[in-house]
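**Q** A single structure is presented below for examination.
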Amino acid sequence: MNKRSWPAALWLLLIPYIGLLWVPFYNFREPALFGFPFFYWYQLAWVPLTSFIIWIAYRSLRNDD
Amino acid sequence: MTTNLDPVALAVFTFFFALVTVMGFIASRWRAPKTMGHLDEWGLGGRSFGAWITWFLVGGDFYTAYTVIAVPALVYAVGAYGFFALPYTIIVYPFVFMVMPLLWKRAKANGYVTAGDVVYGQYSSRALELAVAITGVIATMPYIALQLVGMAAVLKALGLTGELPLAVAFIILALYTYSAGLRAPALIAFVKDIMIYIAVFAAIAIIPSKLGGYGNVFAAADAAFQAKGTGSLLLGGNQYVAYASLALGSALAAFMYPHTLTGIFASNSANTIRKNAVFLPAYTLLLGLLALLGYMGHAANLNISSPNQVVPALFQTLFPSWFTGFAFAAIAIGALVPAAVMSIGASNLFTRNFWKAYINPNVTHEGEAKVAKITSLIVKIGALMVIAFLPTQFALDLQLLGGIWILQTLPALVFSLYCNWFRAEGLLAGWLVGFLSGTYLVWINGLKPLQPISLGGAPFTVYIGLLVLLANIAVAVLITAVMPRRNALAT
């Protein structure tokens, strides 16, 4: 457990928490996209974005199995 | 909403249900081990599931049938606030990525099957082990019962009323889970998840075009909320903290449950879990789009007596019967996968942290598997009885409390992965404080998960689970700090 040195990419994993837990960032109607108010498409957009961020973190880790 | 028997829908439904029943029984021969007489085999599928199987299993197990019914229902009833399930099921994955591979490694290295095993192995405290195990079991039982509620919603829409169809479905499930263990839900999850994806993507592609596009769907929901005076397309100013704290608290609790942990422990490597943290959010996209069915319910002017009927009624109103039957089968099968994994997780806890710990410490591997199999039958019958004889609200209230309770096991389960500082006494006291104060706060707030707080400024509400987790951690830190340091030999 001691020999762990965390790559900097793991800090990226905090970004979704900031983007989604600070509600004042996105509690609006405009700009709408394809009829979706901002509140909805913003949060939906975080799904692929978070996947991508985790993928970057995944790439930064050595396969340790 | 019609509740007449629709022969086409019923035939399609029956076909798919029969299909997974056959699969469930075949599952005991799928990836068959040398012996099923071992809890690692029955309860964890031999810890052999690779990235694909884990993706289907955890996806099928975490995004339950109840979710499919209840999230759109909540969005239908209250609007934006019901969407907290979306940020919740996004931010859960960075947490899974960081924590679960470490937990898997520890479980694999020591042969742990349950959260209770992990805690006992780390702290050698039977009391803390028991606290974690009991919390797991009582948090899971109402969750299983709610899967029955999800299944009942579609059975009722098909015209199959009464308890009998539900009981038949559940007894079939109990039988093949008994024989095949975790392999049964793992195999069925493939069918279930693909069906759910088809049903939801058809719904979100076709329904809006019948209702005049997404712009119109949102406008109709907005008008409906304004007409009835409650609910809104955006969060109210006093809902921000509630929304964010529910999302965070639920995300931290999600993988403390026995059924999700079982899915994690059953995977074949830490890397499998990391890969899944990347790809499981696909289900979250599905959930977010599914939630919009709640608004489509307003646009379609559904006439329903309970929000739980939004999803069944939408399919019945807007799709041909054969597709309705298909979608309902997807939801009903969607109840079977989590119900099976939950009962297996609860049985593993009972076997390892109660039977082995107190009744028969010398139990063989084969004996463990046998105890777990029988327990899984009892657990399912118990859930069936709860739904048959107690008001549904009872299961709902208990499930709500269960989420708060299970969150209180996080410090005991997770902290030791990162540091060796905490003491069992501190963690146990913290758990007790979190458990009792959480229950009390939910009780005095009329069985609602939110506690009003006003810190001088405008009052707001916060998720009780997260609030009492802070108290839990504070107590654990305080007691560990004042206790004399254990000597190095004791570790």
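Chains: A, B, ... in order of the structure tokens. Residues: from 1 per chain. Ligands: from 1, in order shown.
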Would you please give, as a PyMOL selection string, all residues of region 106-144 of chain B that DSSP assigns to helix (DSSP H, G or I) based on the backbone?

**A** chain B and resi 106-110+115-123+126-144

**Q** Mind checking which residues fall within 7 Å of region 347-357 of chain B, counting only C-alpha atoms, ignoring those fewer than 2 positions away in the same chain, and posting them as JSON, numbers by chain?

**A** {"B": [43, 113, 114, 116, 117, 129, 130, 133, 343, 344, 345, 359, 360, 361, 363, 368, 371, 372, 375, 376]}

**Q** With C-alpha atoms kept, could you save the residues just selected as a short mmCIF file (atom, residue, chain, number, x, y, z; two decimals), in the first residue's frame?

**A**
```cif
data_model
loop_
_atom_site.label_atom_id
_atom_site.label_comp_id
_atom_site.auth_asym_id
_atom_site.auth_seq_id
_atom_site.Cartn_x
_atom_site.Cartn_y
_atom_site.Cartn_z
CA GLY B 43 -21.92 -16.35 -4.25
CA VAL B 113 -16.72 -12.44 0.22
CA THR B 114 -18.54 -9.60 2.01
CA GLY B 116 -18.21 -7.75 6.92
CA ASP B 117 -15.24 -9.98 6.01
CA GLU B 129 -18.14 -6.77 11.57
CA LEU B 130 -21.63 -7.44 12.90
CA ALA B 133 -23.17 -6.98 8.14
CA SER B 343 -30.52 -11.87 -2.14
CA ILE B 344 -27.12 -13.43 -2.88
CA GLY B 345 -25.32 -10.49 -1.26
CA ILE B 359 -23.08 -20.63 14.85
CA ASN B 360 -20.43 -22.81 13.28
CA PRO B 361 -16.91 -21.37 13.03
CA VAL B 363 -18.13 -24.66 8.67
CA GLU B 368 -21.06 -22.25 3.58
CA VAL B 371 -26.24 -22.12 4.17
CA ALA B 372 -26.09 -19.27 1.66
CA THR B 375 -30.73 -18.19 3.11
CA SER B 376 -31.29 -16.79 -0.38
#
```

**Q** Identify which of the residues B:Ile172, B:Ile387, B:Leu410, B:Leu289 lies closest to Tyr40 (chain A), counting only C-alpha atoms when measuring atom-to-atom distances.

**A**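 Answer, going by the shortest atom-to-atom distance: B:Leu289.
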
**Q** Can you pull out every residue within 7 Å of region 47-51 of chain A, counting only C-alpha atoms, but drop anything in the same chain fewer than 4 positions away, and send it as a list in words?

**A** Pro16 and Trp55 of chain A; Ile90, Val278, Phe279, Pro281, Thr284 and Leu285 of chain B

**Q** Filtering to C-alpha atoms, could you give me those residues as a compact mmCIF listing (two decimals), in the first residue's frame?

**A**
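selection34.txt was written with the following content:
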```txt
# COMPACT_ATOMS: atom_id res chain seq x y z
CA PRO A 16 -17.05 16.06 -12.35
CA TRP A 55 -10.45 6.94 -19.31
CA ILE B 90 -22.21 10.18 -12.82
CA VAL B 278 -15.03 4.11 -17.79
CA PHE B 279 -17.88 2.30 -19.54
CA PRO B 281 -21.70 5.60 -17.40
CA THR B 284 -26.30 6.67 -16.74
CA LEU B 285 -27.02 8.19 -20.14
```

**Q** How close does each residue of chain A get to chain B, giving the shortest atom pair and distance in Å to one decimal for every residue with an atom at most 9 Å away, counting only C-alpha atoms, sorted by chain and residue number, as JSON lines?

**A**
```
{"residue": "A:Met1", "atom": "CA", "partner": "B:Tyr418", "partner_atom": "CA", "distance": 7.8}
{"residue": "A:Leu10", "atom": "CA", "partner": "B:Met98", "partner_atom": "CA", "distance": 8.5}
{"residue": "A:Leu13", "atom": "CA", "partner": "B:Pro94", "partner_atom": "CA", "distance": 5.7}
{"residue": "A:Leu14", "atom": "CA", "partner": "B:Pro94", "partner_atom": "CA", "distance": 7.8}
{"residue": "A:Pro16", "atom": "CA", "partner": "B:Ile91", "partner_atom": "CA", "distance": 6.3}
{"residue": "A:Tyr17", "atom": "CA", "partner": "B:Ile91", "partner_atom": "CA", "distance": 6.2}
{"residue": "A:Leu20", "atom": "CA", "partner": "B:Pro87", "partner_atom": "CA", "distance": 6.1}
{"residue": "A:Leu21", "atom": "CA", "partner": "B:Ala244", "partner_atom": "CA", "distance": 4.9}
{"residue": "A:Trp22", "atom": "CA", "partner": "B:Ala244", "partner_atom": "CA", "distance": 7.2}
{"residue": "A:Val23", "atom": "CA", "partner": "B:Tyr240", "partner_atom": "CA", "distance": 5.9}
{"residue": "A:Pro24", "atom": "CA", "partner": "B:Tyr240", "partner_atom": "CA", "distance": 7.8}
{"residue": "A:Asn27", "atom": "CA", "partner": "B:Leu234", "partner_atom": "CA", "distance": 6.1}
{"residue": "A:Phe28", "atom": "CA", "partner": "B:Leu234", "partner_atom": "CA", "distance": 6.9}
{"residue": "A:Arg29", "atom": "CA", "partner": "B:Leu234", "partner_atom": "CA", "distance": 7.5}
{"residue": "A:Ala32", "atom": "CA", "partner": "B:Gly215", "partner_atom": "CA", "distance": 8.9}
{"residue": "A:Phe34", "atom": "CA", "partner": "B:Tyr214", "partner_atom": "CA", "distance": 7.0}
{"residue": "A:Gly35", "atom": "CA", "partner": "B:Gly215", "partner_atom": "CA", "distance": 3.8}
{"residue": "A:Phe36", "atom": "CA", "partner": "B:Gly215", "partner_atom": "CA", "distance": 6.5}
{"residue": "A:Pro37", "atom": "CA", "partner": "B:Phe218", "partner_atom": "CA", "distance": 8.0}
{"residue": "A:Phe39", "atom": "CA", "partner": "B:Leu234", "partner_atom": "CA", "distance": 7.1}
{"residue": "A:Tyr40", "atom": "CA", "partner": "B:Ala80", "partner_atom": "CA", "distance": 8.6}
{"residue": "A:Gln43", "atom": "CA", "partner": "B:Pro87", "partner_atom": "CA", "distance": 6.8}
{"residue": "A:Leu44", "atom": "CA", "partner": "B:Leu285", "partner_atom": "CA", "distance": 6.7}
{"residue": "A:Ala45", "atom": "CA", "partner": "B:Leu285", "partner_atom": "CA", "distance": 8.9}
{"residue": "A:Trp46", "atom": "CA", "partner": "B:Ile90", "partner_atom": "CA", "distance": 7.4}
{"residue": "A:Val47", "atom": "CA", "partner": "B:Ile90", "partner_atom": "CA", "distance": 6.1}
{"residue": "A:Pro48", "atom": "CA", "partner": "B:Pro281", "partner_atom": "CA", "distance": 7.4}
{"residue": "A:Thr50", "atom": "CA", "partner": "B:Ile90", "partner_atom": "CA", "distance": 7.1}
{"residue": "A:Ser51", "atom": "CA", "partner": "B:Val278", "partner_atom": "CA", "distance": 4.9}
{"residue": "A:Phe52", "atom": "CA", "partner": "B:Val278", "partner_atom": "CA", "distance": 7.2}
{"residue": "A:Ile53", "atom": "CA", "partner": "B:Val278", "partner_atom": "CA", "distance": 8.3}
{"residue": "A:Ile54", "atom": "CA", "partner": "B:Val278", "partner_atom": "CA", "distance": 5.6}
{"residue": "A:Trp55", "atom": "CA", "partner": "B:Val278", "partner_atom": "CA", "distance": 5.6}
{"residue": "A:Ala57", "atom": "CA", "partner": "B:Phe97", "partner_atom": "CA", "distance": 8.9}
{"residue": "A:Tyr58", "atom": "CA", "partner": "B:Arg274", "partner_atom": "CA", "distance": 6.7}
{"residue": "A:Asn63", "atom": "CA", "partner": "B:Asn271", "partner_atom": "CA", "distance": 6.6}
{"residue": "A:Asp64", "atom": "CA", "partner": "B:Asn271", "partner_atom": "CA", "distance": 7.5}
{"residue": "A:Asp65", "atom": "CA", "partner": "B:Ser269", "partner_atom": "CA", "distance": 6.5}
```

**Q** Using C-alpha atoms, can you export the residues from the last selection as a compact mmCIF listing (two decimals), in the first residue's frame?

**A**
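Below is the file that was written, part17.txt:
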```txt
# COMPACT_ATOMS: atom_id res chain seq x y z
CA MET A 1 0.00 0.00 0.00
CA LEU A 10 -6.02 11.27 -11.01
CA LEU A 13 -11.32 12.90 -11.33
CA LEU A 14 -12.35 15.78 -9.06
CA PRO A 16 -17.05 16.06 -12.35
CA TYR A 17 -17.73 16.68 -8.66
CA LEU A 20 -22.14 18.76 -11.02
CA LEU A 21 -22.32 19.54 -7.31
CA TRP A 22 -22.15 23.33 -7.71
CA VAL A 23 -25.74 23.78 -8.86
CA PRO A 24 -25.48 27.55 -9.62
CA ASN A 27 -29.67 25.90 -13.01
CA PHE A 28 -30.81 27.83 -16.13
CA ARG A 29 -33.17 27.37 -19.06
CA ALA A 32 -31.43 25.41 -24.86
CA PHE A 34 -32.47 20.54 -29.33
CA GLY A 35 -35.34 21.67 -27.11
CA PHE A 36 -33.51 20.64 -23.92
CA PRO A 37 -33.17 23.44 -21.34
CA PHE A 39 -30.12 22.32 -16.89
CA TYR A 40 -30.79 19.04 -18.68
CA GLN A 43 -25.90 17.36 -16.89
CA LEU A 44 -26.34 14.83 -19.68
CA ALA A 45 -23.14 16.17 -21.29
CA TRP A 46 -21.25 15.31 -18.11
CA VAL A 47 -21.87 11.62 -18.74
CA PRO A 48 -19.52 11.24 -21.74
CA THR A 50 -16.82 11.95 -17.03
CA SER A 51 -16.29 8.73 -18.96
CA PHE A 52 -13.53 10.47 -20.91
CA ILE A 53 -11.89 11.83 -17.77
CA ILE A 54 -11.92 8.40 -16.13
CA TRP A 55 -10.45 6.94 -19.31
CA ALA A 57 -7.01 8.43 -15.49
CA TYR A 58 -7.17 4.78 -16.51
CA ASN A 63 -1.96 -2.21 -15.19
CA ASP A 64 -1.17 -3.66 -11.80
CA ASP A 65 -2.79 -7.07 -11.91
```

**Q** Taking only C-alpha atoms into account, which of B:Ala471, B:Leu146, B:Ile444, B:Ala458 comes nearest Ala65 (chain B)?

**A** B:Leu146

**Q** Considering only C-alpha atoms, return as a list in words whatever protein or nucleic-acid residues lie within 6 Å of region 196-205 of chain B, sequence-local ones (same chain, fewer than 3 positions apart) excluded.

**A**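 Near neighbours after the sequence-gap exclusion: Asp193, Ala327 and Ala330 of chain B.
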
**Q** With N, CA and C atoms retained, export the selected residues as a short mmCIF file (atom, residue, chain, number, x, y, z; two decimals), in the first residue's frame.

**A**
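Everything below was put into selection_4.cif:
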```cif
data_model
loop_
_atom_site.label_atom_id
_atom_site.label_comp_id
_atom_site.auth_asym_id
_atom_site.auth_seq_id
_atom_site.Cartn_x
_atom_site.Cartn_y
_atom_site.Cartn_z
N ASP B 193 -30.34 -6.21 -20.04
CA ASP B 193 -29.77 -4.90 -20.36
C ASP B 193 -29.99 -4.55 -21.82
N ALA B 327 -41.27 -4.16 -23.89
CA ALA B 327 -40.75 -3.20 -22.90
C ALA B 327 -41.10 -3.63 -21.48
N ALA B 330 -38.86 -6.31 -20.43
CA ALA B 330 -37.56 -5.75 -20.07
C ALA B 330 -37.56 -5.25 -18.63
#
```

**Q** Smallest atom-to-atom distance to Trp52 (chain B): which of B:Ile273, B:Val78, B:Ala32, B:Ile171, using only C-alpha atoms?

**A**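 Closest candidate: B:Ile273.
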
**Q** Can you list, as a list of chain:residue names, every protein, DNA or RNA residue that comes within 6 Å of region 252-265 of chain B when you count only C-alpha atoms, leaving out same-chain residues fewer than 4 positions away?

**A** B:Val58, B:Trp104, B:Gly136, B:Val341, B:Met342, B:Gly345, B:Leu407

**Q** State, in Å with one decimal place, the distance from CA of Thr324 (chain B) to CA of Leu57 (chain B).

**A**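 If I compute the distance from CA of Thr324 (chain B) to CA of Leu57 (chain B), I get 24.4 Å.
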
**Q** I'd like the interatomic distance between CA of Ala221 (chain B) and CA of Gly297 (chain B), to a tenth of an Å.

**A** 8.2 Å

**Q** CA of Gly162 (chain B) and CA of Ala139 (chain B), how far apart in Å?

**A**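 One can read the CA of Ala139 (chain B) to CA of Gly162 (chain B) distance as 26.6 Å.
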